[in-house]
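What follows is a set of notes on a single structure, which appears directly below.
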Amino acid sequence: MRRREFIAFLGAAIVWPLAARGQDRGHIPKIGVLWHAANAEEEAPFFGSLIEGFRNLGYREGHIVLEHRFPDEKPELFTSMAAELVSLNPDVLVAVGAAAPYVVKSTTSIPIVFMYVPDPLGSKLVQSIQRPGGNATGLSNFSLELSAKRLEYLKEIVPSLSRVAVLVNPSAKISDLYIEQSSAAGPKLGLTTQAFQVRSLRELEGAFDAMVKADMQAVVVNAESLFYVGKEAIAKLALARRLPTCMWAREGVEAGALVSYGTDQRAIARRTAGYVDRILKGEKPADIPVEQPTRFELVINLKTAKALGLTIPPTFLTRADEVIE
């Protein structure tokens with residue numbers, strides 16, 4: 001979607017009142033949505049995909065209000081905006097990515113639907129995957145278990161690869177697990193991995209300079225809200241330093257990274273609306289299993305490969321779900 005078209009769509013989406021089928025006409029449900037970036041445009045295309053999900057369910061104008069908040073990756077804003085949304089007494093809260101722990105901490109009574117959470121059980125958002133048990137459920141992007149596969153794909157593209165950087169945000173608890181997974185998988189592929197920490201986008205350039213100084217030959221970027229916002233910067237910095245980069249979402253490859261392997265993030269956003277719909281119709285989060293994806297996308301950017309001087313094996317290209325040229 002071109003920028004002008006997106007902004008026009010965005011203006012309509014923010015004020016779009018939705019109406020659920022089967023809702024009591026005397027009550028207008030209110031949905032609070034805590035994102036992670038600074039605005040709806042930075043959340044594209046997922047902001048639009050969530051709206052699309054409601055529309056696909058047959059919602060129409062009149063009976064549901066969506067309250068959006070954008071904390072700009074700042075912990076203090078995650079906390080205050082979660083509290084603000086709770087104070088509005090919404091019928092359901094939606095927590096996107098890094099926002100999930102803050103929203104879950106903010107209320108034990110309002111139903112919560114999270115999305116893009118790599119490890120909801122390890123993050124203690126639910127008691128179990130099949131029976132969440134509390135007031136939260138949602139959709140996982142299953143990213144943690146895919147860390148080894150991303151290393152494998154980089155090795156397949158660059159057979160001589162031996163040293164791979166793992167970009168992590170130490171402010172996210174899941175980062176320790178990413179490091180553990182990569183450290184365990186690396187030796188099996190003849191790879192040594194090393195973590196490089198970035199707490200804000202301002203630290204990205206220094207981290208990439210440190211990778212070069214440490215003789216890293218490629219970079220793995222696992223699911224993290226901060227890195228989604230910084231995907232263009234990551235792709236640019238990696239290319240400038242001739243570091244093949246594997247990300248978790250196709251949007252990173254569209255921004256210029258070499259390859260991605262992970263879930264269809266847009267589809268997850270659309271299905272999140274379905275979870276909200278089920279709760280509005282009477283189901284309890286405690287009884288709705290967390291959805292884990294069963295299909296994963298492999299996407300590669302041939303333009304980036306050419307810029308890096310890489311020849312992608314034909315067998316790899318035949319397995320790719322999409323090739324960007």
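Ordered as shown in the structure tokens, chains take letters A, B, and onward, while each chain numbers its residues from 1 and ligands are numbered from 1 in the order shown.
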Original post:
Excluding same-chain residues fewer than 6 positions from Tyr178 in chain A, what lies within 8 Å of it counting only C-alpha atoms, as a list in words?
Top reply: Leu144, Ser147, Val168 and Asn222 of chain A
Can you list, as a compact mmCIF listing (two decimals) with C-alpha atoms, in the first residue's frame, every residue of range 267-321 of chain A that DSSP puts in strand (DSSP E or B)?
```
# COMPACT_ATOMS: atom_id res chain seq x y z
CA GLU A 291 -3.19 -20.66 18.95
CA GLU A 297 6.99 -18.87 5.39
CA LEU A 298 10.41 -18.81 3.80
CA VAL A 299 11.05 -15.54 1.96
CA ILE A 300 14.25 -14.39 0.25
CA ASN A 301 15.35 -11.12 -1.31
```
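A straight line drawn from CA of Glu254 in chain A to CA of Asp321 in chain A is 13.4 Å long.
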Could you build a table of the residues in range 98-155 of chain A lying no more than 8 Å from range 269-276 of chain A, giving for each the nearest pair of atoms and their separation in Å rounded to one decimal place, using only C-alpha atoms, ordered by chain and ascending residue number, as CSV?
```
residue,atom,partner,partner_atom,distance
A:Val113,CA,A:Val276,CA,6.7
A:Phe114,CA,A:Thr272,CA,7.8
A:Met115,CA,A:Thr272,CA,6.8
A:Gly138,CA,A:Tyr275,CA,7.0
A:Leu139,CA,A:Thr272,CA,7.0
```
Go ahead and write the selection's residues with C-alpha atoms as an mmCIF file, in the first residue's frame.
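Full text of out-v5.cif as output:
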```
data_model
loop_
_atom_site.group_PDB
_atom_site.id
_atom_site.type_symbol
_atom_site.label_atom_id
_atom_site.label_comp_id
_atom_site.auth_asym_id
_atom_site.auth_seq_id
_atom_site.Cartn_x
_atom_site.Cartn_y
_atom_site.Cartn_z
ATOM 1 C CA VAL A 113 -6.178 -11.322 23.735
ATOM 2 C CA PHE A 114 -2.471 -11.147 22.928
ATOM 3 C CA MET A 115 -0.745 -11.624 19.590
ATOM 4 C CA GLY A 138 -4.189 -15.286 22.242
ATOM 5 C CA LEU A 139 -1.951 -16.186 19.357
#
```
**OP:** For Lys149 in chain A, list every protein, DNA or RNA residue within 10 Å, evaluated using only C-alpha atoms, and leave out those in the same chain fewer than 2 positions away; present the list as a VMD selection string.
**Re:** chain A and resid 145 to 147 151 to 155 182 185 261 to 262
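When the distance limit is 12 Å and only C-alpha atoms are what count, the residues near Glu156 in chain A, minus those fewer than 3 positions from it on the same chain, are Lys149, Arg150, Leu151, Glu152, Tyr153, Pro159, Ser160, Leu161, Ser162, Leu189, Gly190, Leu191, Pro244, Cys246, Val259, Leu310, Thr311, Ile312, Pro313, Pro314, Thr315, Phe316 and Leu317 of chain A.
Reported to one decimal place, the separation of CA of Val94 in chain A from CA of Leu50 in chain A is 10.3 Å.
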Original post:
Which neighbours of Ala172 in chain A fall inside 10 Å, counting only C-alpha atoms, when residues of the same chain fewer than 4 positions from it are skipped, and could you give them as a ChimeraX atom specification?
Top reply: /A:98,123,168,176,199,224-226
Original post:
Near Leu239 in chain A, counting only C-alpha atoms, which residues have an atom at most 9 Å away, once you skip same-chain residues fewer than 3 positions from it, shown as a ChimeraX atom specification?
Top reply: /A:234-236,242-245,256-258,304,307-308
Subject >> Distance query Ala165 in chain A at most 9 Å, only C-alpha atoms, self and fewer than 6 positions along chain excluded, as a ChimeraX atom specification >> reply: /A:192-196,211,216-221
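You will find CA of Leu167 in chain A at 10.1 Å from CA of Ala223 in chain A.
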